[in-house]
file final21.cif (mmCIF, C-alpha atoms and all ligand atoms)
data_run
loop_
_atom_site.group_PDB
_atom_site.id
_atom_site.type_symbol
_atom_site.label_atom_id
_atom_site.label_comp_id
_atom_site.auth_asym_id
_atom_site.auth_seq_id
_atom_site.Cartn_x
_atom_site.Cartn_y
_atom_site.Cartn_z
ATOM 1 C CA MET A 1 2.810 17.059 -14.382
ATOM 2 C CA LYS A 2 2.474 16.464 -10.643
ATOM 3 C CA ILE A 3 2.549 12.846 -9.545
ATOM 4 C CA ALA A 4 1.666 11.672 -6.031
ATOM 5 C CA VAL A 5 2.959 8.295 -4.874
ATOM 6 C CA CYS A 6 1.487 6.598 -1.794
ATOM 7 C CA MET A 7 3.997 4.540 0.149
ATOM 8 C CA LYS A 8 3.515 2.745 3.444
ATOM 9 C CA GLN A 9 5.926 1.497 6.080
ATOM 10 C CA VAL A 10 5.226 -2.106 7.040
ATOM 11 C CA PRO A 11 6.860 -4.590 9.429
ATOM 12 C CA ALA A 12 9.586 -6.607 7.693
ATOM 13 C CA GLU A 13 7.924 -9.676 9.074
ATOM 14 C CA SER A 14 5.104 -11.854 7.875
ATOM 15 C CA ARG A 15 4.196 -13.614 11.094
ATOM 16 C CA GLY A 16 1.073 -11.466 11.506
ATOM 17 C CA LEU A 17 1.629 -10.675 15.165
ATOM 18 C CA MET A 18 -1.566 -9.416 16.723
ATOM 19 C CA ASN A 19 -2.435 -8.435 20.262
ATOM 20 C CA GLU A 20 -5.292 -10.835 20.885
ATOM 21 C CA GLU A 21 -6.808 -8.546 23.546
ATOM 22 C CA THR A 22 -6.913 -5.323 21.528
ATOM 23 C CA GLY A 23 -6.901 -6.716 17.981
ATOM 24 C CA VAL A 24 -4.123 -4.283 17.108
ATOM 25 C CA ILE A 25 -1.078 -5.287 15.076
ATOM 26 C CA VAL A 26 1.974 -5.540 17.342
ATOM 27 C CA ARG A 27 4.627 -3.413 15.678
ATOM 28 C CA ALA A 28 7.005 -2.908 18.630
ATOM 29 C CA GLY A 29 10.336 -4.608 18.086
ATOM 30 C CA LEU A 30 9.627 -5.360 14.443
ATOM 31 C CA LYS A 31 12.043 -3.978 11.892
ATOM 32 C CA PRO A 32 10.153 -1.648 9.569
ATOM 33 C CA GLU A 33 10.641 -1.512 5.813
ATOM 34 C CA VAL A 34 9.007 0.128 2.824
ATOM 35 C CA ASN A 35 6.093 -1.895 1.486
ATOM 36 C CA SER A 36 7.729 -3.570 -1.494
ATOM 37 C CA TYR A 37 4.734 -2.971 -3.778
ATOM 38 C CA ASP A 38 5.081 0.760 -3.143
ATOM 39 C CA LEU A 39 8.685 0.802 -4.332
ATOM 40 C CA SER A 40 7.223 -0.300 -7.660
ATOM 41 C CA ALA A 41 4.713 2.559 -7.577
ATOM 42 C CA LEU A 42 7.631 4.956 -7.113
ATOM 43 C CA GLU A 43 9.549 3.220 -9.894
ATOM 44 C CA ALA A 44 6.558 3.742 -12.208
ATOM 45 C CA ALA A 45 6.558 7.467 -11.368
ATOM 46 C CA LEU A 46 10.317 7.740 -11.974
ATOM 47 C CA ARG A 47 9.964 6.065 -15.379
ATOM 48 C CA ILE A 48 7.218 8.512 -16.350
ATOM 49 C CA ARG A 49 9.481 11.403 -15.342
ATOM 50 C CA GLU A 50 12.174 10.078 -17.675
ATOM 51 C CA ASN A 51 9.851 10.862 -20.590
ATOM 52 C CA VAL A 52 7.585 13.659 -19.378
ATOM 53 C CA PRO A 53 8.515 16.650 -17.190
ATOM 54 C CA ALA A 54 7.115 15.712 -13.806
ATOM 55 C CA GLU A 55 7.414 16.379 -10.100
ATOM 56 C CA ILE A 56 7.108 13.373 -7.821
ATOM 57 C CA HIS A 57 5.655 13.784 -4.334
ATOM 58 C CA VAL A 58 5.600 10.889 -1.884
ATOM 59 C CA PHE A 59 2.954 10.537 0.833
ATOM 60 C CA THR A 60 3.238 8.184 3.743
ATOM 61 C CA MET A 61 0.889 7.856 6.682
ATOM 62 C CA GLY A 62 2.261 6.263 9.798
ATOM 63 C CA PRO A 63 4.215 6.847 13.003
ATOM 64 C CA PRO A 64 7.129 9.382 12.988
ATOM 65 C CA LYS A 65 9.489 6.520 12.080
ATOM 66 C CA ALA A 66 7.720 6.280 8.717
ATOM 67 C CA GLU A 67 9.889 9.238 7.703
ATOM 68 C CA ASP A 68 12.389 6.549 6.656
ATOM 69 C CA VAL A 69 10.035 5.696 3.775
ATOM 70 C CA ILE A 70 10.416 9.211 2.463
ATOM 71 C CA ARG A 71 14.190 9.176 2.888
ATOM 72 C CA THR A 72 14.287 5.964 0.843
ATOM 73 C CA ALA A 73 12.074 7.604 -1.787
ATOM 74 C CA PHE A 74 14.437 10.606 -1.898
ATOM 75 C CA SER A 75 17.374 8.287 -2.451
ATOM 76 C CA MET A 76 15.543 6.799 -5.437
ATOM 77 C CA GLY A 77 14.684 10.200 -6.910
ATOM 78 C CA ALA A 78 11.455 11.571 -5.372
ATOM 79 C CA ASP A 79 11.268 15.371 -5.340
ATOM 80 C CA ALA A 80 9.210 15.968 -2.181
ATOM 81 C CA GLY A 81 7.956 13.940 0.742
ATOM 82 C CA PHE A 82 5.001 14.289 3.090
ATOM 83 C CA LEU A 83 4.781 12.477 6.410
ATOM 84 C CA ILE A 84 1.165 12.197 7.541
ATOM 85 C CA SER A 85 1.525 11.535 11.214
ATOM 86 C CA ASP A 86 -0.653 12.407 14.187
ATOM 87 C CA PRO A 87 -1.976 10.418 17.156
ATOM 88 C CA ALA A 88 -5.433 11.238 15.767
ATOM 89 C CA PHE A 89 -4.688 9.063 12.727
ATOM 90 C CA SER A 90 -3.768 5.874 14.584
ATOM 91 C CA GLY A 91 -5.841 2.708 14.275
ATOM 92 C CA ALA A 92 -7.148 3.716 10.842
ATOM 93 C CA ASP A 93 -8.855 1.130 8.678
ATOM 94 C CA VAL A 94 -9.247 1.366 4.883
ATOM 95 C CA LEU A 95 -11.934 4.054 5.098
ATOM 96 C CA ALA A 96 -10.021 6.302 7.485
ATOM 97 C CA THR A 97 -6.650 5.662 5.803
ATOM 98 C CA SER A 98 -7.926 6.580 2.351
ATOM 99 C CA TYR A 99 -9.747 9.655 3.681
ATOM 100 C CA THR A 100 -6.635 10.874 5.499
ATOM 101 C CA LEU A 101 -4.476 10.371 2.402
ATOM 102 C CA TYR A 102 -7.068 12.289 0.368
ATOM 103 C CA ARG A 103 -7.168 15.227 2.778
ATOM 104 C CA ALA A 104 -3.378 15.270 3.111
ATOM 105 C CA MET A 105 -2.887 15.370 -0.671
ATOM 106 C CA GLU A 106 -5.308 18.267 -0.843
ATOM 107 C CA THR A 107 -2.928 20.329 1.305
ATOM 108 C CA ALA A 108 -0.131 19.862 -1.217
ATOM 109 C CA GLY A 109 -1.994 20.809 -4.376
ATOM 110 C CA GLU A 110 -3.573 19.046 -7.300
ATOM 111 C CA TYR A 111 -2.136 15.898 -8.838
ATOM 112 C CA GLU A 112 -2.662 14.698 -12.389
ATOM 113 C CA LEU A 113 -1.612 11.189 -11.468
ATOM 114 C CA VAL A 114 -1.736 9.256 -8.195
ATOM 115 C CA LEU A 115 0.195 5.977 -7.990
ATOM 116 C CA CYS A 116 -0.283 3.289 -5.370
ATOM 117 C CA GLY A 117 1.126 -0.165 -4.884
ATOM 118 C CA ARG A 118 -1.081 -3.175 -5.546
ATOM 119 C CA GLN A 119 -1.424 -3.862 -1.811
ATOM 120 C CA THR A 120 0.476 -3.753 1.436
ATOM 121 C CA THR A 121 2.155 -6.720 3.059
ATOM 122 C CA ASP A 122 0.619 -6.048 6.491
ATOM 123 C CA GLY A 123 -2.993 -4.830 6.149
ATOM 124 C CA ASP A 124 -3.061 -6.549 2.774
ATOM 125 C CA THR A 125 -6.573 -5.435 1.827
ATOM 126 C CA ALA A 126 -5.655 -3.848 -1.567
ATOM 127 C CA GLN A 127 -8.595 -1.516 -1.036
ATOM 128 C CA VAL A 128 -7.002 1.805 -0.107
ATOM 129 C CA SER A 129 -6.268 2.803 -3.718
ATOM 130 C CA GLY A 130 -9.871 2.285 -4.855
ATOM 131 C CA ALA A 131 -11.222 4.126 -1.829
ATOM 132 C CA LEU A 132 -8.787 6.999 -2.385
ATOM 133 C CA ALA A 133 -9.865 7.307 -6.035
ATOM 134 C CA GLN A 134 -13.449 7.421 -4.831
ATOM 135 C CA TRP A 135 -12.714 10.268 -2.403
ATOM 136 C CA MET A 136 -10.839 12.115 -5.149
ATOM 137 C CA ASN A 137 -13.619 11.378 -7.624
ATOM 138 C CA VAL A 138 -11.160 10.268 -10.320
ATOM 139 C CA PRO A 139 -11.012 7.131 -12.508
ATOM 140 C CA HIS A 140 -8.960 4.252 -11.192
ATOM 141 C CA ALA A 141 -7.192 1.222 -12.682
ATOM 142 C CA ASN A 142 -5.891 -1.700 -10.653
ATOM 143 C CA TRP A 143 -3.297 -4.348 -11.573
ATOM 144 C CA VAL A 144 -1.445 -2.007 -13.910
ATOM 145 C CA SER A 145 1.521 -3.910 -15.314
ATOM 146 C CA ASP A 146 2.686 -1.335 -17.855
ATOM 147 C CA ILE A 147 2.284 2.395 -18.418
ATOM 148 C CA GLU A 148 2.538 2.710 -22.170
ATOM 149 C CA ASN A 149 1.976 6.376 -22.852
ATOM 150 C CA VAL A 150 1.417 9.549 -20.865
ATOM 151 C CA THR A 151 0.169 12.765 -22.428
ATOM 152 C CA GLU A 152 -1.029 16.006 -20.870
ATOM 153 C CA ALA A 153 -4.582 14.723 -20.963
ATOM 154 C CA SER A 154 -4.441 10.951 -20.597
ATOM 155 C CA VAL A 155 -2.529 7.845 -19.708
ATOM 156 C CA THR A 156 -2.574 4.501 -21.554
ATOM 157 C CA VAL A 157 -1.922 1.468 -19.390
ATOM 158 C CA ALA A 158 -1.867 -2.292 -19.619
ATOM 159 C CA GLN A 159 -3.835 -4.071 -16.959
ATOM 160 C CA LYS A 160 -3.002 -7.650 -16.135
ATOM 161 C CA THR A 161 -6.106 -9.529 -15.139
ATOM 162 C CA GLU A 162 -6.196 -13.211 -14.269
ATOM 163 C CA ARG A 163 -6.890 -14.318 -17.848
ATOM 164 C CA GLU A 164 -5.986 -11.477 -20.167
ATOM 165 C CA ARG A 165 -4.111 -8.264 -20.725
ATOM 166 C CA VAL A 166 -6.347 -5.225 -21.127
ATOM 167 C CA ARG A 167 -5.280 -1.868 -22.544
ATOM 168 C CA MET A 168 -7.003 1.134 -21.003
ATOM 169 C CA LEU A 169 -6.966 4.831 -21.750
ATOM 170 C CA LEU A 170 -7.711 6.928 -18.702
ATOM 171 C CA PRO A 171 -8.224 10.678 -18.695
ATOM 172 C CA LEU A 172 -6.128 12.659 -16.238
ATOM 173 C CA PRO A 173 -6.411 13.105 -13.324
ATOM 174 C CA CYS A 174 -6.589 9.442 -12.414
ATOM 175 C CA LEU A 175 -5.221 6.876 -9.988
ATOM 176 C CA LEU A 176 -3.303 3.715 -10.854
ATOM 177 C CA SER A 177 -2.304 0.875 -8.589
ATOM 178 C CA VAL A 178 0.605 -1.001 -10.071
ATOM 179 C CA GLU A 179 1.859 -4.566 -10.119
ATOM 180 C CA ARG A 180 5.358 -5.333 -8.856
ATOM 181 C CA GLU A 181 6.363 -7.375 -11.895
ATOM 182 C CA GLY A 182 6.138 -4.522 -14.384
ATOM 183 C CA PHE A 183 8.107 -2.049 -12.315
ATOM 184 C CA LEU A 184 11.173 -3.615 -10.755
ATOM 185 C CA PRO A 185 12.405 -0.839 -8.457
ATOM 186 C CA ARG A 186 15.807 0.689 -9.127
ATOM 187 C CA LEU A 187 18.466 0.699 -6.443
ATOM 188 C CA PRO A 188 18.917 3.959 -4.547
ATOM 189 C CA SER A 189 21.637 6.072 -6.130
ATOM 190 C CA LEU A 190 24.713 6.906 -4.051
ATOM 191 C CA ARG A 191 24.533 10.564 -5.095
ATOM 192 C CA LEU A 192 20.888 10.867 -4.064
ATOM 193 C CA LYS A 193 21.507 8.887 -0.888
ATOM 194 C CA MET A 194 23.994 11.518 0.208
ATOM 195 C CA THR A 195 21.417 14.301 -0.095
ATOM 196 C CA ALA A 196 18.368 12.267 1.017
ATOM 197 C CA GLY A 197 19.096 12.847 4.696
ATOM 198 C CA LYS A 198 19.234 16.612 4.264
ATOM 199 C CA LYS A 199 16.043 17.105 2.289
ATOM 200 C CA THR A 200 13.000 18.523 4.059
ATOM 201 C CA VAL A 201 10.151 16.204 4.896
ATOM 202 C CA VAL A 202 6.857 18.057 5.219
ATOM 203 C CA SER A 203 4.840 16.944 8.252
ATOM 204 C CA ILE A 204 1.086 16.857 8.018
ATOM 205 C CA GLY A 205 -1.080 16.556 11.133
ATOM 206 C CA ILE A 206 -4.800 16.902 11.656
ATOM 207 C CA LYS A 207 -4.417 20.654 12.222
ATOM 208 C CA ASP A 208 -3.153 21.037 8.631
ATOM 209 C CA LEU A 209 -6.193 19.425 7.005
ATOM 210 C CA SER A 210 -9.282 21.201 5.702
ATOM 211 C CA ASP A 211 -11.439 18.776 7.714
ATOM 212 C CA ARG A 212 -10.161 18.807 11.301
ATOM 213 C CA ASP A 213 -12.969 16.742 12.799
ATOM 214 C CA PRO A 214 -11.245 13.951 14.788
ATOM 215 C CA ALA A 215 -14.337 11.778 14.286
ATOM 216 C CA HIS A 216 -13.255 11.291 10.659
ATOM 217 C CA TYR A 217 -9.764 9.937 11.354
ATOM 218 C CA GLY A 218 -7.998 7.019 12.989
ATOM 219 C CA LEU A 219 -9.995 4.559 15.035
ATOM 220 C CA ASN A 220 -12.877 7.063 15.385
ATOM 221 C CA GLY A 221 -13.227 7.390 11.624
ATOM 222 C CA SER A 222 -12.924 3.655 10.974
ATOM 223 C CA ALA A 223 -15.965 1.727 9.862
ATOM 224 C CA THR A 224 -14.507 -1.619 10.923
ATOM 225 C CA ARG A 225 -13.737 -2.900 14.408
ATOM 226 C CA VAL A 226 -11.630 -5.932 15.182
ATOM 227 C CA ARG A 227 -13.756 -7.843 17.694
ATOM 228 C CA LYS A 228 -11.498 -10.793 18.169
ATOM 229 C CA ILE A 229 -8.228 -12.040 16.749
ATOM 230 C CA TYR A 230 -7.237 -15.649 17.217
ATOM 231 C CA PRO A 231 -5.384 -18.375 15.356
ATOM 232 C CA PRO A 232 -7.815 -20.624 13.480
ATOM 233 C CA PRO A 233 -8.730 -23.642 15.603
ATOM 234 C CA ARG A 234 -7.359 -26.969 14.461
ATOM 235 C CA THR A 235 -10.356 -28.691 13.028
ATOM 236 C CA GLN A 236 -8.595 -31.841 11.935
ATOM 237 C CA ARG A 237 -5.723 -34.056 12.865
ATOM 238 C CA ASN A 238 -2.897 -34.475 10.423
ATOM 239 C CA PRO A 239 -1.729 -38.037 11.027
ATOM 240 C CA LEU A 240 1.494 -39.132 9.399
ATOM 241 C CA PHE A 241 1.496 -42.597 7.878
ATOM 242 C CA SER A 242 4.607 -44.582 7.284
ATOM 243 C CA GLY A 243 5.310 -48.056 6.046
ATOM 244 C CA THR A 244 4.713 -49.822 2.771
ATOM 245 C CA ALA A 245 2.263 -48.383 0.228
ATOM 246 C CA ASP A 246 -0.256 -51.135 1.058
ATOM 247 C CA ALA A 247 0.072 -50.544 4.787
ATOM 248 C CA CYS A 248 -0.394 -46.789 4.289
ATOM 249 C CA ALA A 249 -3.432 -47.389 2.075
ATOM 250 C CA GLU A 250 -4.954 -49.520 4.843
ATOM 251 C CA MET A 251 -4.277 -46.860 7.441
ATOM 252 C CA ILE A 252 -5.739 -44.118 5.232
ATOM 253 C CA LEU A 253 -8.857 -46.205 4.611
ATOM 254 C CA HIS A 254 -9.199 -46.765 8.317
ATOM 255 C CA GLU A 255 -8.771 -43.040 8.969
ATOM 256 C CA VAL A 256 -11.324 -42.024 6.309
ATOM 257 C CA ARG A 257 -13.906 -44.503 7.589
ATOM 258 C CA GLY A 258 -13.370 -43.070 11.063
HETATM 259 C C1 LIG A 301 -9.115 -7.244 10.214
HETATM 260 C C2 LIG A 301 -8.056 -6.166 10.127
HETATM 261 C C3 LIG A 301 -7.531 -5.655 11.274
HETATM 262 C C4 LIG A 301 -6.582 -4.660 11.236
HETATM 263 N N1 LIG A 301 -6.106 -4.156 12.394
HETATM 264 C C5 LIG A 301 -5.176 -3.207 12.354
HETATM 265 C C6 LIG A 301 -4.654 -2.688 13.536
HETATM 266 O O1 LIG A 301 -5.060 -3.073 14.591
HETATM 267 N N2 LIG A 301 -3.712 -1.743 13.471
HETATM 268 C C7 LIG A 301 -3.241 -1.308 12.265
HETATM 269 O O2 LIG A 301 -2.362 -0.449 12.253
HETATM 270 N N3 LIG A 301 -3.718 -1.770 11.122
HETATM 271 C C8 LIG A 301 -4.677 -2.706 11.136
HETATM 272 N N4 LIG A 301 -5.165 -3.200 9.995
HETATM 273 C C9 LIG A 301 -4.637 -2.720 8.777
HETATM 274 C C10 LIG A 301 -5.229 -1.400 8.416
HETATM 275 O O3 LIG A 301 -6.593 -1.472 8.255
HETATM 276 C C11 LIG A 301 -4.538 -1.058 7.158
HETATM 277 O O4 LIG A 301 -3.165 -0.945 7.434
HETATM 278 C C12 LIG A 301 -4.951 0.233 6.532
HETATM 279 O O5 LIG A 301 -6.313 0.336 6.411
HETATM 280 C C13 LIG A 301 -4.376 0.342 5.103
HETATM 281 O O6 LIG A 301 -4.876 -0.708 4.365
HETATM 282 P P1 LIG A 301 -3.908 -1.789 3.799
HETATM 283 O O7 LIG A 301 -2.664 -1.857 4.604
HETATM 284 O O8 LIG A 301 -4.698 -3.005 3.641
HETATM 285 O O9 LIG A 301 -3.528 -1.132 2.389
HETATM 286 P P2 LIG A 301 -3.801 -1.674 0.929
HETATM 287 O O10 LIG A 301 -5.173 -1.327 0.528
HETATM 288 O O11 LIG A 301 -3.370 -3.103 0.807
HETATM 289 O O12 LIG A 301 -2.769 -0.727 0.200
HETATM 290 C C14 LIG A 301 -2.863 -0.372 -1.174
HETATM 291 C C15 LIG A 301 -1.943 0.799 -1.416
HETATM 292 O O13 LIG A 301 -2.457 1.955 -0.744
HETATM 293 C C16 LIG A 301 -1.363 2.771 -0.293
HETATM 294 N N5 LIG A 301 -1.388 2.878 1.178
HETATM 295 C C17 LIG A 301 -2.035 2.086 2.052
HETATM 296 N N6 LIG A 301 -1.816 2.498 3.318
HETATM 297 C C18 LIG A 301 -1.010 3.582 3.235
HETATM 298 C C19 LIG A 301 -0.407 4.448 4.175
HETATM 299 N N7 LIG A 301 -0.602 4.299 5.509
HETATM 300 N N8 LIG A 301 0.372 5.463 3.729
HETATM 301 C C20 LIG A 301 0.583 5.645 2.393
HETATM 302 N N9 LIG A 301 0.053 4.852 1.453
HETATM 303 C C21 LIG A 301 -0.734 3.841 1.859
HETATM 304 C C22 LIG A 301 -0.085 2.068 -0.766
HETATM 305 O O14 LIG A 301 0.259 2.568 -2.040
HETATM 306 C C23 LIG A 301 -0.523 0.624 -0.879
HETATM 307 O O15 LIG A 301 0.267 -0.144 -1.739
HETATM 308 C C24 LIG A 301 -6.128 -4.186 9.998
HETATM 309 C C25 LIG A 301 -6.655 -4.702 8.839
HETATM 310 C C26 LIG A 301 -7.614 -5.679 8.889
HETATM 311 C C27 LIG A 301 -8.194 -6.224 7.615
#
call {"tool": "encode", "arguments": {"input": "final21.cif", "output": "structure tokens", "more": "lines below"}}
Ligand SMILES: Cc1cc2nc3c(=O)[nH]c(=O)nc-3n(C[C@H](O)[C@H](O)[C@H](O)COP(=O)(O)OP(=O)(O)OC[C@H]3O[C@@H](n4cnc5c(N)ncnc54)[C@H](O)[C@@H]3O)c2cc1C
result
Amino acid sequence: MKIAVCMKQVPAESRGLMNEETGVIVRAGLKPEVNSYDLSALEAALRIRENVPAEIHVFTMGPPKAEDVIRTAFSMGADAGFLISDPAFSGADVLATSYTLYRAMETAGEYELVLCGRQTTDGDTAQVSGALAQWMNVPHANWVSDIENVTEASVTVAQKTERERVRMLLPLPCLLSVEREGFLPRLPSLRLKMTAGKKTVVSIGIKDLSDRDPAHYGLNGSATRVRKIYPPPRTQRNPLFSGTADACAEMILHEVRG
């Protein structure tokens, strides 16, 4: 079985730094890390491979530095890594990101199973997996908290919704986006770490894709435009009351009455 795992590099920072002029996330100077949800997607793939013969391929789209994601994946046990990087891909929104991942996976063959994290910690839309499944025209399950059984033809999963746990049987090929809780990622192994730096990372640029039209990628291929980014205006004061309970109650009453 061939399993593709989508993993993204994100800033190890949750301050949401944006350039207010351009609406672009400011990444310079921020320490990058692997999106933690995606480590769980890789963990899910590794657990499947413990029971079923499988080859695990990792795909990451980002700047050249995103190669570190693949090196981390190698040190956890991934078999192959693909770095999807090209200036033509920059500024991609969900539509363009999912399309680029789809076209990049096409170059590497056919996958029975595609695993994504629940969401990223920077873009945070949790929409790329669904969009990717749509491009691939395969069934898709979100919020997967357990992968119970994998056969040559299907996968049985548990899906954790807000109120209940649902068991689903999906035919292969399909795409799953997994919850962190069910798949606590293993630590990189020392043995694999030693070879991770030497393994080949396959680079994929626009020239390698079957669709080379730059209008379909990056900012050009994005359906959304950030028009303005700004901190929400303060719409209310937050007065602090101190004193006895009765005094505070008086002050609150006064405040509420305006
Ligand atoms: C209003 C707004 C403005 C934005 N502006 C910018 C901007 O200016 N610059 C910018 O860089 N981004 C920007 N983004 C984020 C950008 O749209 C997303 O990074 C991109 O579309 C991927 O979506 P996501 O991060 O929300 O992924 P999600 O949908 O949250 O990710 C789900 C899963 O998909 C997979 N995945 C997602 N992205 C990748 C990837 N690149 N490689 C491999 N796997 C992946 C992972 O498995 C991940 O766990 C913006 C987002 C919004 C909502």
call {"tool": "residues_near_ligand", "arguments": {"input": "final21.cif", "ligand": "ligand LIG 301 (chain A)", "cutoff": "7 Å", "atoms": "only C-alpha atoms and all ligand atoms", "output": "PyMOL selection string"}}
result
chain A and resi 5-8+23-25+35+37-38+59-62+90-95+97+101+115-129+226
call {"tool": "residues_around", "arguments": {"input": "final21.cif", "residues": "A:Glu55", "least_positions_apart": "5", "cutoff": "12 Å", "atoms": "all atoms listed in the file", "output": "VMD selection string"}}
result
chain A and resid 1 to 5 42 45 to 50 77 to 81 109 to 114
call {"tool": "write_last_selection", "arguments": {"input": "final21.cif", "atoms": "C-alpha atoms", "output": "PDB file, in the frame of the given file"}}
result
ATOM      1  CA  MET A   1       2.810  17.059 -14.382  1.00  0.00           C
ATOM      2  CA  LYS A   2       2.474  16.464 -10.643  1.00  0.00           C
ATOM      3  CA  ILE A   3       2.549  12.846  -9.545  1.00  0.00           C
ATOM      4  CA  ALA A   4       1.666  11.672  -6.031  1.00  0.00           C
ATOM      5  CA  VAL A   5       2.959   8.295  -4.874  1.00  0.00           C
ATOM      6  CA  LEU A  42       7.631   4.956  -7.113  1.00  0.00           C
ATOM      7  CA  ALA A  45       6.558   7.467 -11.368  1.00  0.00           C
ATOM      8  CA  LEU A  46      10.317   7.740 -11.974  1.00  0.00           C
ATOM      9  CA  ARG A  47       9.964   6.065 -15.379  1.00  0.00           C
ATOM     10  CA  ILE A  48       7.218   8.512 -16.350  1.00  0.00           C
ATOM     11  CA  ARG A  49       9.481  11.403 -15.342  1.00  0.00           C
ATOM     12  CA  GLU A  50      12.174  10.078 -17.675  1.00  0.00           C
ATOM     13  CA  GLY A  77      14.684  10.200  -6.910  1.00  0.00           C
ATOM     14  CA  ALA A  78      11.455  11.571  -5.372  1.00  0.00           C
ATOM     15  CA  ASP A  79      11.268  15.371  -5.340  1.00  0.00           C
ATOM     16  CA  ALA A  80       9.210  15.968  -2.181  1.00  0.00           C
ATOM     17  CA  GLY A  81       7.956  13.940   0.742  1.00  0.00           C
ATOM     18  CA  GLY A 109      -1.994  20.809  -4.376  1.00  0.00           C
ATOM     19  CA  GLU A 110      -3.573  19.046  -7.300  1.00  0.00           C
ATOM     20  CA  TYR A 111      -2.136  15.898  -8.838  1.00  0.00           C
ATOM     21  CA  GLU A 112      -2.662  14.698 -12.389  1.00  0.00           C
ATOM     22  CA  LEU A 113      -1.612  11.189 -11.468  1.00  0.00           C
ATOM     23  CA  VAL A 114      -1.736   9.256  -8.195  1.00  0.00           C
TER      24      VAL A 114
END
call {"tool": "atom_distance", "arguments": {"input": "final21.cif", "atom1": "atom CA of A:Met168", "atom2": "atom CA of A:Pro53"}}
result
22.3 Å
call {"tool": "closest_residue", "arguments": {"input": "final21.cif", "among": "A:Gly221, A:Leu83, A:Gly182, A:Pro11", "to": "A:Arg71", "atoms": "all atoms listed in the file"}}
result
A:Leu83
call {"tool": "closest_residue", "arguments": {"input": "final21.cif", "among": "A:Val58, A:Ala66, A:Ala158, A:Leu169", "to": "A:Ser85", "atoms": "only C-alpha atoms"}}
result
A:Ala66
call {"tool": "atom_distance", "arguments": {"input": "final21.cif", "atom1": "atom CA of A:Met136", "atom2": "atom CA of A:Leu170"}}
result
14.8 Å
call {"tool": "closest_residue", "arguments": {"input": "final21.cif", "among": "A:Val178, A:Ala141, A:Trp135, A:Val256", "to": "A:Glu43", "atoms": "all atoms listed in the file"}}
result
A:Val178
call {"tool": "closest_residue", "arguments": {"input": "final21.cif", "among": "A:Val52, A:Ala247, A:Val10, A:Ala44", "to": "A:Ser145", "atoms": "all atoms listed in the file"}}
result
A:Ala44
call {"tool": "resolve_selection", "arguments": {"input": "final21.cif", "expression": "the PyMOL selection byres (((chain A and resi 204) around 7) and not hetatm)", "output": "PyMOL selection string"}}
result
chain A and resi 82-85+104+202-203+205-206+208
call {"tool": "resolve_selection", "arguments": {"input": "final21.cif", "expression": "the PyMOL selection byres (((chain A and resi 212) around 12) and not hetatm)", "output": "list in words"}}
result
Asp86, Ala88, Phe89, Tyr99, Thr100, Arg103, Ala104, Ile204, Gly205, Ile206, Lys207, Asp208, Leu209, Ser210, Asp211, Asp213, Pro214, Ala215, His216, Tyr217 and Gly221 of chain A
call {"tool": "atom_distance", "arguments": {"input": "final21.cif", "atom1": "atom CA of A:Val138", "atom2": "atom CA of A:Ser40"}}
result
21.4 Å
call {"tool": "closest_residue", "arguments": {"input": "final21.cif", "among": "A:Leu39, A:His254, A:Ala133, A:Pro32", "to": "A:Pro64", "atoms": "all atoms listed in the file"}}
result
A:Pro32
call {"tool": "closest_residue", "arguments": {"input": "final21.cif", "among": "A:Pro87, A:Phe74, A:Asn238, A:Ala54", "to": "A:Gly218", "atoms": "only C-alpha atoms"}}
result
A:Pro87
call {"tool": "resolve_selection", "arguments": {"input": "final21.cif", "expression": "the PyMOL selection byres (((chain A and resi 156) around 10) and not hetatm)", "output": "short mmCIF file (atom, residue, chain, number, x, y, z; two decimals) with C-alpha atoms, in the coordinates of the input"}}
result
data_model
loop_
_atom_site.label_atom_id
_atom_site.label_comp_id
_atom_site.auth_asym_id
_atom_site.auth_seq_id
_atom_site.Cartn_x
_atom_site.Cartn_y
_atom_site.Cartn_z
CA ASP A 146 2.69 -1.34 -17.86
CA ILE A 147 2.28 2.40 -18.42
CA GLU A 148 2.54 2.71 -22.17
CA ASN A 149 1.98 6.38 -22.85
CA VAL A 150 1.42 9.55 -20.86
CA THR A 151 0.17 12.76 -22.43
CA SER A 154 -4.44 10.95 -20.60
CA VAL A 155 -2.53 7.84 -19.71
CA VAL A 157 -1.92 1.47 -19.39
CA ALA A 158 -1.87 -2.29 -19.62
CA GLN A 159 -3.84 -4.07 -16.96
CA ARG A 167 -5.28 -1.87 -22.54
CA MET A 168 -7.00 1.13 -21.00
CA LEU A 169 -6.97 4.83 -21.75
CA LEU A 170 -7.71 6.93 -18.70
CA PRO A 171 -8.22 10.68 -18.70
#
call {"tool": "axis_aligned_box", "arguments": {"input": "final21.cif", "around": "stretch 47-61 of chain A", "padding_each_side": "6 Å", "output": "JSON"}}
result
{"center_x": 6.5, "center_y": 11.4, "center_z": -7.0, "size_x": 23.3, "size_y": 22.6, "size_z": 39.3}
